[in-house]
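A.B. asks: Please find my_file-v2.csv (CSV, C-alpha atoms) on the next line:
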chain,number,residue,atom,x,y,z
A,39,SER,CA,0.0,0.0,0.0
A,40,ILE,CA,1.4,3.4,-1.0
A,41,ILE,CA,-0.1,6.6,0.3
A,42,GLY,CA,0.9,10.0,-1.1
A,43,ASP,CA,0.8,13.5,0.5
A,44,ALA,CA,-2.6,14.1,-1.0
A,45,ARG,CA,-3.8,10.8,0.6
A,46,GLU,CA,-4.1,9.2,-2.8
A,47,SER,CA,-3.3,5.5,-2.5
A,48,TRP,CA,-1.9,2.8,-4.8
A,49,ARG,CA,-1.7,-1.0,-4.3
A,50,THR,CA,0.6,-3.5,-6.0
A,51,THR,CA,2.3,-6.9,-5.4
A,52,THR,CA,5.9,-8.0,-5.5
A,53,ASP,CA,7.2,-10.3,-8.3
A,54,SER,CA,9.1,-13.6,-7.7
A,55,GLY,CA,12.2,-11.6,-6.9
A,56,GLY,CA,10.5,-9.4,-4.3
A,57,ARG,CA,10.5,-6.3,-6.4
A,58,PHE,CA,7.6,-4.0,-7.1
A,59,SER,CA,6.9,-0.9,-9.3
A,60,VAL,CA,4.0,1.5,-9.6
A,61,SER,CA,3.6,4.8,-11.4
A,62,VAL,CA,3.2,7.7,-8.9
A,63,PRO,CA,3.7,11.5,-9.1
A,64,ALA,CA,7.4,12.5,-9.0
A,65,LEU,CA,9.1,14.8,-6.6
A,66,THR,CA,7.1,13.9,-3.5
A,67,SER,CA,7.3,11.3,-0.7
A,68,TYR,CA,5.1,8.5,0.4
A,69,ASP,CA,4.2,6.3,3.3
A,70,ILE,CA,4.5,2.6,2.3
A,71,GLU,CA,3.2,-0.5,4.1
A,72,ALA,CA,4.3,-3.9,3.0
A,73,ARG,CA,2.7,-7.1,4.3
A,74,PHE,CA,2.8,-10.8,3.6
A,75,THR,CA,1.6,-14.0,5.2
A,76,ASN,CA,4.2,-16.6,6.3
A,77,TYR,CA,3.9,-20.4,6.0
A,78,GLY,CA,2.5,-20.5,9.5
A,79,GLY,CA,-0.4,-18.3,8.6
A,80,THR,CA,0.9,-15.2,10.4
A,81,GLU,CA,0.7,-11.8,8.7
A,82,LYS,CA,4.0,-9.8,8.9
A,83,ARG,CA,4.0,-6.1,8.3
A,84,ARG,CA,6.6,-3.4,7.7
A,85,GLN,CA,6.1,0.4,7.3
A,86,VAL,CA,8.3,3.0,5.7
A,87,THR,CA,7.3,6.6,6.2
A,88,ARG,CA,8.2,9.6,4.0
A,89,ALA,CA,9.9,7.4,1.4
A,90,PRO,CA,11.1,9.3,-1.8
A,91,SER,CA,9.6,8.3,-5.1
A,92,ASP,CA,12.6,6.3,-6.4
A,93,ASP,CA,14.2,3.0,-5.6
A,94,ILE,CA,13.0,1.8,-2.1
A,95,LEU,CA,14.3,-1.1,-0.1
A,96,ILE,CA,12.0,-2.7,2.6
A,97,LEU,CA,13.6,-5.3,4.8
A,98,PHE,CA,11.7,-7.8,6.9
A,99,LYS,CA,14.2,-8.4,9.6
A,100,ASP,CA,12.0,-10.5,11.9
A,101,SER,CA,13.4,-13.0,14.3
A,102,PRO,CA,13.2,-16.5,12.9
A,103,ASP,CA,10.1,-18.7,13.0
A,104,ILE,CA,10.4,-22.4,13.9
A,105,LYS,CA,7.9,-24.9,12.4
A,106,LEU,CA,7.7,-28.5,13.8
A,107,MET,CA,5.9,-31.2,11.9
A,108,LEU,CA,4.9,-34.7,13.2
A,109,GLU,CA,4.5,-37.5,10.8
A,110,GLY,CA,2.7,-40.7,11.6
A,111,ASN,CA,-0.5,-41.8,13.3
A,112,ASP,CA,-0.4,-39.2,16.1
A,113,SER,CA,-0.8,-35.5,16.8
A,114,ILE,CA,1.0,-32.9,18.8
A,115,LYS,CA,-0.3,-32.1,22.3
A,116,ARG,CA,2.4,-29.6,23.4
A,117,ALA,CA,5.7,-28.2,22.1
A,118,VAL,CA,8.1,-26.1,24.2
A,119,LEU,CA,11.5,-24.5,23.6
A,120,GLU,CA,13.8,-23.8,26.6
A,121,ALA,CA,16.9,-21.6,26.4
A,122,ASN,CA,19.9,-22.0,28.7
A,123,ASP,CA,18.7,-19.3,31.0
A,124,GLN,CA,15.4,-21.3,31.4
A,125,ARG,CA,13.4,-18.8,29.3
A,126,THR,CA,10.6,-20.9,27.7
A,127,LEU,CA,8.5,-20.4,24.5
A,128,GLU,CA,5.2,-22.2,24.0
A,129,GLY,CA,4.4,-23.4,20.4
A,130,ILE,CA,1.1,-22.7,18.7
A,131,VAL,CA,-0.2,-26.2,18.0
A,132,ARG,CA,-2.4,-27.1,15.0
A,133,GLY,CA,-2.9,-30.8,14.7
A,134,ASN,CA,0.4,-32.3,13.4
A,135,GLU,CA,2.2,-28.9,13.4
A,136,ALA,CA,3.6,-26.6,16.0
A,137,LEU,CA,4.7,-23.0,15.2
A,138,PHE,CA,7.1,-20.7,17.2
A,139,GLU,CA,7.0,-17.1,15.9
A,140,ASP,CA,9.8,-14.5,16.2
A,141,VAL,CA,12.2,-16.7,18.2
A,142,PRO,CA,15.2,-14.9,19.6
A,143,GLU,CA,18.2,-15.8,17.5
A,144,LYS,CA,21.8,-16.9,18.3
A,145,THR,CA,20.5,-19.3,20.9
A,146,LEU,CA,20.5,-23.0,21.4
A,147,TYR,CA,17.1,-24.3,22.6
A,148,ASN,CA,16.1,-27.6,24.1
A,149,MET,CA,12.9,-28.7,22.5
A,150,VAL,CA,10.3,-31.0,24.1
A,151,LEU,CA,7.3,-32.2,22.1
A,152,THR,CA,4.6,-34.4,23.6
A,153,THR,CA,1.9,-36.2,21.6
A,154,ARG,CA,-1.7,-37.3,22.2
A,155,ASN,CA,-0.5,-40.8,22.6
A,156,ASN,CA,1.8,-39.8,25.5
A,157,ALA,CA,4.9,-40.1,23.4
A,158,VAL,CA,7.8,-37.7,24.0
A,159,ILE,CA,10.4,-36.2,21.5
A,160,LYS,CA,13.4,-34.3,22.8
A,161,ASP,CA,15.8,-32.4,20.5
A,162,GLN,CA,18.2,-29.4,20.4
A,163,ILE,CA,17.6,-26.6,17.9
A,164,PRO,CA,20.2,-23.9,17.3
A,165,VAL,CA,18.6,-20.7,16.0
A,166,PHE,CA,20.5,-18.2,13.9
A,167,ASP,CA,18.9,-15.8,11.4
A,168,LYS,CA,16.8,-18.1,9.2
A,169,ASP,CA,13.4,-19.8,9.6
A,170,ILE,CA,13.6,-23.4,10.6
A,171,GLU,CA,11.5,-26.5,9.7
A,172,ARG,CA,12.0,-29.8,11.5
A,173,LYS,CA,10.1,-33.0,10.7
A,174,TYR,CA,9.8,-35.8,13.3
A,175,ILE,CA,8.3,-39.3,13.0
A,176,ALA,CA,5.9,-40.1,15.9
A,177,PRO,CA,7.8,-42.3,18.3
A,178,GLN,CA,6.5,-45.6,19.3
A,179,THR,CA,5.5,-46.1,22.9
A,180,MET,CA,5.7,-49.4,24.8
A,181,PRO,CA,3.8,-51.0,27.7
A,182,ALA,CA,5.8,-50.2,30.9
A,183,LYS,CA,5.4,-51.3,34.5
A,184,ILE,CA,6.9,-49.6,37.5
A,185,ARG,CA,6.8,-51.4,40.8
A,186,VAL,CA,7.6,-49.7,44.1
A,187,SER,CA,8.3,-52.0,47.0
A,188,ASP,CA,9.4,-51.8,50.7
A,189,ALA,CA,13.1,-52.5,50.9
A,190,GLY,CA,12.7,-54.6,54.0
A,191,GLU,CA,9.5,-56.4,53.6
A,192,LYS,CA,9.7,-56.6,49.8
A,193,LYS,CA,5.9,-55.8,49.6
A,194,GLY,CA,4.4,-53.3,47.1
A,195,ILE,CA,3.7,-49.8,48.4
A,196,ALA,CA,0.3,-48.5,47.4
A,197,GLY,CA,-0.2,-44.8,46.6
A,198,ALA,CA,3.5,-44.1,45.9
A,199,GLU,CA,3.9,-41.0,43.7
A,200,ILE,CA,6.2,-41.3,40.7
A,201,THR,CA,7.4,-38.2,38.8
A,202,LEU,CA,9.0,-38.9,35.5
A,203,THR,CA,11.2,-36.1,34.0
A,204,LEU,CA,13.7,-35.8,31.2
A,205,PRO,CA,17.4,-35.0,31.7
A,206,ASP,CA,18.3,-31.3,31.4
A,207,ILE,CA,14.6,-30.3,31.0
A,208,ASP,CA,12.8,-28.3,33.6
A,209,GLN,CA,9.9,-30.0,35.4
A,210,LYS,CA,7.7,-27.0,34.4
A,211,ILE,CA,8.1,-28.1,30.8
A,212,PHE,CA,7.8,-31.9,31.1
A,213,ALA,CA,6.8,-33.9,34.2
A,214,GLU,CA,4.5,-37.0,34.1
A,215,ARG,CA,3.1,-37.8,37.6
A,216,VAL,CA,1.6,-41.3,38.2
A,217,THR,CA,0.6,-43.3,41.3
A,218,THR,CA,0.9,-46.9,42.1
A,219,ASN,CA,-2.1,-49.1,42.7
A,220,LEU,CA,-2.9,-51.3,45.7
A,221,ASP,CA,-0.2,-53.8,44.7
A,222,GLY,CA,2.4,-51.0,44.4
A,223,VAL,CA,2.4,-51.1,40.6
A,224,TRP,CA,1.8,-48.5,37.9
A,225,GLN,CA,1.3,-49.7,34.3
A,226,GLY,CA,1.0,-47.5,31.2
A,227,GLN,CA,2.6,-46.5,27.9
A,228,LEU,CA,6.0,-44.8,27.8
A,229,THR,CA,8.4,-43.7,25.1
A,230,LEU,CA,11.7,-45.6,24.6
A,231,THR,CA,13.9,-42.9,26.1
A,232,HIS,CA,15.9,-42.0,29.2
A,233,TYR,CA,13.8,-40.9,32.2
A,234,MET,CA,14.7,-39.5,35.6
A,235,MET,CA,12.2,-40.8,38.3
A,236,GLN,CA,11.5,-39.3,41.7
A,237,ILE,CA,9.5,-41.7,44.0
A,238,CYS,CA,7.8,-40.5,47.1
A,239,ALA,CA,5.5,-42.5,49.5
A,240,GLU,CA,4.3,-41.6,53.0
A,241,GLY,CA,6.7,-42.8,55.7
A,242,TYR,CA,9.5,-43.6,53.2
A,243,ALA,CA,12.6,-41.6,52.2
A,244,MET,CA,12.3,-40.0,48.8
A,245,LYS,CA,14.4,-41.7,46.1
A,246,GLU,CA,15.7,-40.6,42.6
A,247,VAL,CA,16.7,-43.0,39.9
A,248,ASN,CA,17.7,-42.8,36.2
A,249,VAL,CA,16.1,-45.3,33.9
A,250,ALA,CA,16.7,-45.9,30.2
A,251,LEU,CA,13.7,-47.8,28.8
A,252,ASP,CA,14.3,-50.1,25.8
A,253,ARG,CA,12.6,-53.1,24.3
A,254,ARG,CA,14.3,-55.4,26.7
A,255,GLN,CA,13.6,-53.4,29.8
A,256,GLY,CA,10.0,-52.3,30.1
A,257,GLU,CA,9.6,-53.2,33.8
A,258,VAL,CA,11.4,-51.4,36.6
A,259,THR,CA,11.3,-52.2,40.4
A,260,ILE,CA,12.3,-49.5,42.9
A,261,PHE,CA,12.8,-50.2,46.6
A,262,LEU,CA,12.2,-47.5,49.2
A,263,GLU,CA,13.5,-47.5,52.8
A,264,ARG,CA,11.4,-46.4,55.6
A,265,GLY,CA,12.4,-42.9,56.8
A,266,ALA,CA,12.8,-41.4,60.2
A,267,MET,CA,10.0,-39.3,61.8
A,268,LEU,CA,10.0,-36.0,63.7
A,269,LYS,CA,7.0,-35.2,65.9
A,270,GLY,CA,6.6,-32.1,67.8
A,271,LYS,CA,4.7,-29.0,68.8
A,272,VAL,CA,5.1,-25.3,67.9
A,273,ILE,CA,4.4,-23.0,70.9
A,274,ASP,CA,4.5,-19.2,71.5
A,275,GLN,CA,6.1,-17.4,74.5
A,276,GLN,CA,3.0,-18.1,76.6
A,277,ASN,CA,3.5,-21.9,76.0
A,278,GLN,CA,0.3,-21.9,73.8
A,279,GLY,CA,0.2,-24.0,70.7
A,280,VAL,CA,0.5,-22.1,67.4
A,281,ALA,CA,-1.9,-23.3,64.7
A,282,GLY,CA,-1.2,-23.0,61.0
A,283,ALA,CA,2.6,-22.7,61.3
A,284,GLU,CA,4.6,-24.4,58.5
A,285,VAL,CA,7.4,-26.6,59.6
A,286,TYR,CA,10.4,-27.1,57.3
A,287,LEU,CA,13.5,-29.2,57.5
A,288,LEU,CA,16.4,-27.1,56.2
A,289,ASP,CA,19.8,-27.9,54.8
A,290,PRO,CA,22.3,-26.4,57.3
A,291,LEU,CA,24.6,-25.2,54.5
A,292,GLY,CA,22.3,-22.8,52.8
A,293,LEU,CA,19.2,-22.9,55.1
A,294,SER,CA,17.0,-23.8,52.1
A,295,PRO,CA,14.2,-26.3,52.4
A,296,TYR,CA,15.7,-29.8,52.0
A,297,LYS,CA,14.7,-31.5,48.8
A,298,GLY,CA,12.6,-34.6,49.3
A,299,VAL,CA,11.1,-33.6,52.7
A,300,LYS,CA,7.8,-31.8,52.3
A,301,PRO,CA,6.8,-29.1,54.8
A,302,VAL,CA,3.9,-29.8,57.1
A,303,THR,CA,1.4,-27.5,58.8
A,304,THR,CA,0.6,-27.5,62.5
A,305,ASN,CA,-2.9,-28.5,63.6
A,306,ALA,CA,-5.3,-26.5,65.9
A,307,VAL,CA,-3.1,-27.1,69.0
A,308,GLY,CA,0.3,-26.6,67.2
A,309,GLU,CA,1.2,-30.3,66.7
A,310,PHE,CA,2.9,-31.6,63.6
A,311,ALA,CA,4.6,-34.8,62.3
A,312,VAL,CA,7.2,-34.9,59.5
A,313,LYS,CA,7.6,-38.4,58.0
A,314,GLY,CA,9.9,-40.1,55.6
A,315,ILE,CA,13.1,-38.3,56.6
A,316,ASP,CA,16.2,-39.7,54.9
A,317,HIS,CA,19.0,-40.2,57.5
A,318,ASN,CA,21.7,-40.5,54.8
A,319,ARG,CA,23.3,-37.8,52.8
A,320,PRO,CA,22.5,-37.5,49.1
A,321,PRO,CA,24.4,-39.9,46.8
A,322,LEU,CA,26.6,-37.1,45.4
A,323,TRP,CA,28.0,-36.3,48.9
A,324,GLU,CA,30.4,-38.3,51.1
A,325,ALA,CA,28.6,-41.1,52.9
A,326,GLY,CA,27.3,-40.2,56.4
A,327,PRO,CA,24.4,-38.9,58.3
A,328,GLN,CA,22.4,-35.9,56.9
A,329,ALA,CA,21.9,-33.0,59.3
A,330,TYR,CA,18.7,-31.0,59.3
A,331,VAL,CA,17.5,-27.7,60.8
A,332,PRO,CA,13.9,-27.8,61.9
A,333,VAL,CA,12.2,-24.4,61.5
A,334,ALA,CA,8.6,-23.2,62.1
A,335,VAL,CA,7.3,-20.3,60.0
A,336,LYS,CA,4.3,-18.1,60.4
A,337,GLU,CA,3.5,-14.5,59.6
A,338,ARG,CA,4.3,-12.1,62.5
A,339,TYR,CA,6.3,-14.8,64.3
A,340,MET,CA,9.9,-15.8,64.2
A,341,GLN,CA,12.0,-18.7,65.6
A,342,GLU,CA,14.8,-17.1,67.5
A,343,SER,CA,17.0,-20.2,68.0
A,344,LEU,CA,18.2,-22.6,65.4
A,345,ASP,CA,19.8,-26.0,66.0
A,346,THR,CA,20.8,-29.0,63.8
A,347,MET,CA,19.8,-32.6,64.3
A,348,ILE,CA,20.5,-35.9,62.7
A,349,PHE,CA,18.5,-39.1,62.6
A,350,LYS,CA,19.1,-42.8,62.5
A,351,GLN,CA,17.2,-45.1,60.2
A,352,ASN,CA,13.5,-45.4,61.3
A,353,GLU,CA,14.2,-43.3,64.3
A,354,LYS,CA,11.4,-41.3,65.9
A,355,LYS,CA,12.2,-38.0,67.6
A,356,GLU,CA,10.2,-35.3,69.3
A,357,ILE,CA,10.9,-31.6,69.5
A,358,VAL,CA,9.3,-28.3,70.7
A,359,LEU,CA,9.8,-25.2,68.5
A,360,GLU,CA,9.2,-21.9,70.2
A,361,LEU,CA,8.1,-18.8,68.2
A,362,ALA,CA,8.2,-15.2,69.4
A,363,ARG,CA,5.9,-12.5,68.1
A,364,THR,CA,7.7,-9.8,66.1
A,365,THR,CA,6.6,-6.5,67.6
A,366,GLU,CA,9.6,-4.2,67.1
A,367,GLN,CA,9.4,-1.6,64.4
A,368,LEU,CA,12.3,-0.2,62.5
A,369,GLU,CA,12.2,3.4,61.4
A,370,GLY,CA,14.8,5.5,59.7
A,371,ARG,CA,15.7,8.1,57.1
A,372,VAL,CA,17.9,7.9,54.0
A,373,THR,CA,19.8,11.0,52.9
A,374,ASP,CA,22.7,12.1,50.7
A,375,ASN,CA,25.9,13.8,51.9
A,376,ASN,CA,24.0,17.1,52.1
A,377,ASN,CA,21.2,15.7,54.2
A,378,ASN,CA,18.7,15.7,51.4
A,379,PRO,CA,16.2,12.9,51.6
A,380,LEU,CA,16.5,10.1,49.1
A,381,ARG,CA,14.1,7.6,47.7
A,382,ALA,CA,15.9,4.3,48.1
A,383,TRP,CA,15.5,0.5,48.0
A,384,LEU,CA,16.4,-1.1,51.3
A,385,GLU,CA,16.9,-4.8,52.3
A,386,VAL,CA,17.1,-5.9,55.9
A,387,ALA,CA,18.0,-9.4,56.9
A,388,LEU,CA,18.9,-11.1,60.2
A,389,VAL,CA,22.6,-11.3,61.0
A,390,ASN,CA,22.6,-13.4,64.1
A,391,LEU,CA,20.5,-16.1,65.8
A,392,ARG,CA,21.1,-18.2,68.8
A,393,GLY,CA,21.9,-21.8,68.2
A,394,SER,CA,24.4,-24.1,66.5
A,395,SER,CA,27.6,-22.6,65.0
A,396,ASN,CA,27.0,-24.9,62.0
A,397,VAL,CA,23.9,-22.9,61.0
A,398,SER,CA,24.1,-20.0,58.5
A,399,ASN,CA,23.1,-16.5,59.8
A,400,ALA,CA,20.8,-15.5,56.9
A,401,PRO,CA,17.7,-17.6,57.2
A,402,PHE,CA,15.5,-17.8,54.1
A,403,TRP,CA,12.2,-17.0,55.8
A,404,LYS,CA,13.1,-13.7,57.4
A,405,LYS,CA,14.2,-11.0,54.9
A,406,TYR,CA,12.5,-7.7,54.3
A,407,SER,CA,12.6,-5.6,51.1
A,408,PHE,CA,10.9,-2.2,51.0
A,409,GLU,CA,11.1,1.2,49.2
Go ahead and render the structure in this file as structure tokens.

C.D. replies:
Amino acid sequence: SIIGDARESWRTTTDSGGRFSVSVPALTSYDIEARFTNYGGTEKRRQVTRAPSDDILILFKDSPDIKLMLEGNDSIKRAVLEANDQRTLEGIVRGNEALFEDVPEKTLYNMVLTTRNNAVIKDQIPVFDKDIERKYIAPQTMPAKIRVSDAGEKKGIAGAEITLTLPDIDQKIFAERVTTNLDGVWQGQLTLTHYMMQICAEGYAMKEVNVALDRRQGEVTIFLERGAMLKGKVIDQQNQGVAGAEVYLLDPLGLSPYKGVKPVTTNAVGEFAVKGIDHNRPPLWEAGPQAYVPVAVKERYMQESLDTMIFKQNEKKEIVLELARTTEQLEGRVTDNNNNPLRAWLEVALVNLRGSSNVSNAPFWKKYSFE
């Protein structure tokens, strides 16, 4: 579309080489809009304002588009790209095709594609300055059986939660969660690929395993060990139970919630029970007992003392956690060197707590940011 100063307009189309020509009054300038529809059905536009009436170059410098196509008796359910910094892009799915528009270039993406038949395709796609098309054949799935059993009694564990993920892929992009039946077994269809499995069951220590499924191995048995248990009560300074407090077991090194131990909430009288505590360090660490820091968290309260504790296999321990109400108020003024007030962003964190010297002094649950 070409619009002149007198608001007259002309329309034309480009030839096979992308060139166009139209007769217009000379010695004037024009506003030009060029548009086309790409293979994904998306309309792209570019505008040039105050263009002279001679040779004009209009460049479509869009970021590349990626088109994924699935061949076979299946269709795409979801397609996702993940960059190294964990930015994700969700594809537009239309049957056997998925389209990613204007993908940031000069980046290597992990691609995960799932199908209606619960098959999974994983790939890496480097993106430079050109559009990309990739064709995939729908992978075959196979009957799979996962059995979860008690390591001591060798009996199946009913209601065990199994989370299947893919190596190097965030769980927010791909995670299949299934549950064992009364016999401790889950059966279903899985793709022949490498899975990471996380298995949790009430009263048992969480376990992670890597499994590569192939035609010869469609059945997997995982043994769980019974974990330790921590029972206790959260009280205030008047020795009254604190209801609705969350109780965490933290890693002493960074004071972050320990992976594999879910937080619990106190009941109406402040009581709680944390089950399935693993007494061993994770496999990547030197063998030995794992230390934990029990912490109770509730708005307008804080736990003033921190201590570490370790467990033996199947051990049951009891503890009382005391919370104090936070009543003090911090007020202040921020100025420059000439005593002029400044608008500033402040962060205040705890620097000292009573308790074990093995515990960090910057607990995750008590940090304030304000302007």

A.B. asks: Taking 3 positions as the minimum chain separation for residues in the same chain, which residues sit within 10 Å of Val272 in chain A when counting only C-alpha atoms? Answer as a ChimeraX atom specification.

C.D. replies: /A:277-285,304-305,307-310,333-335,341,357-361

A.B. asks: Could you check the closest approach to Glu342 in chain A for each of A:Val299, A:Leu127, A:Ala362, A:Met244 and tell me which residue wins, using only C-alpha atoms?

C.D. replies: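 For Glu342 in chain A, the nearest of the candidates is A:Ala362.
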
A.B. asks: Which of these residues is nearest to Leu293 in chain A, using all atoms listed in the file: A:Pro181, A:Gly226, A:Gly370, A:Pro332?

C.D. replies: A:Pro332

A.B. asks: Find the residues near Leu202 in chain A: any atom within 6 Å, counting only C-alpha atoms, skip ones fewer than 2 places away on the same chain, and give them as a list in words.

C.D. replies: Ala213, Glu214, Met234 and Met235 of chain A

A.B. asks: Quick one: residues within 8 Å of Leu220 in chain A, only C-alpha atoms, excluding same-chain residues fewer than 3 positions away - as number ranges by chain?

C.D. replies: A: 194-197, 223
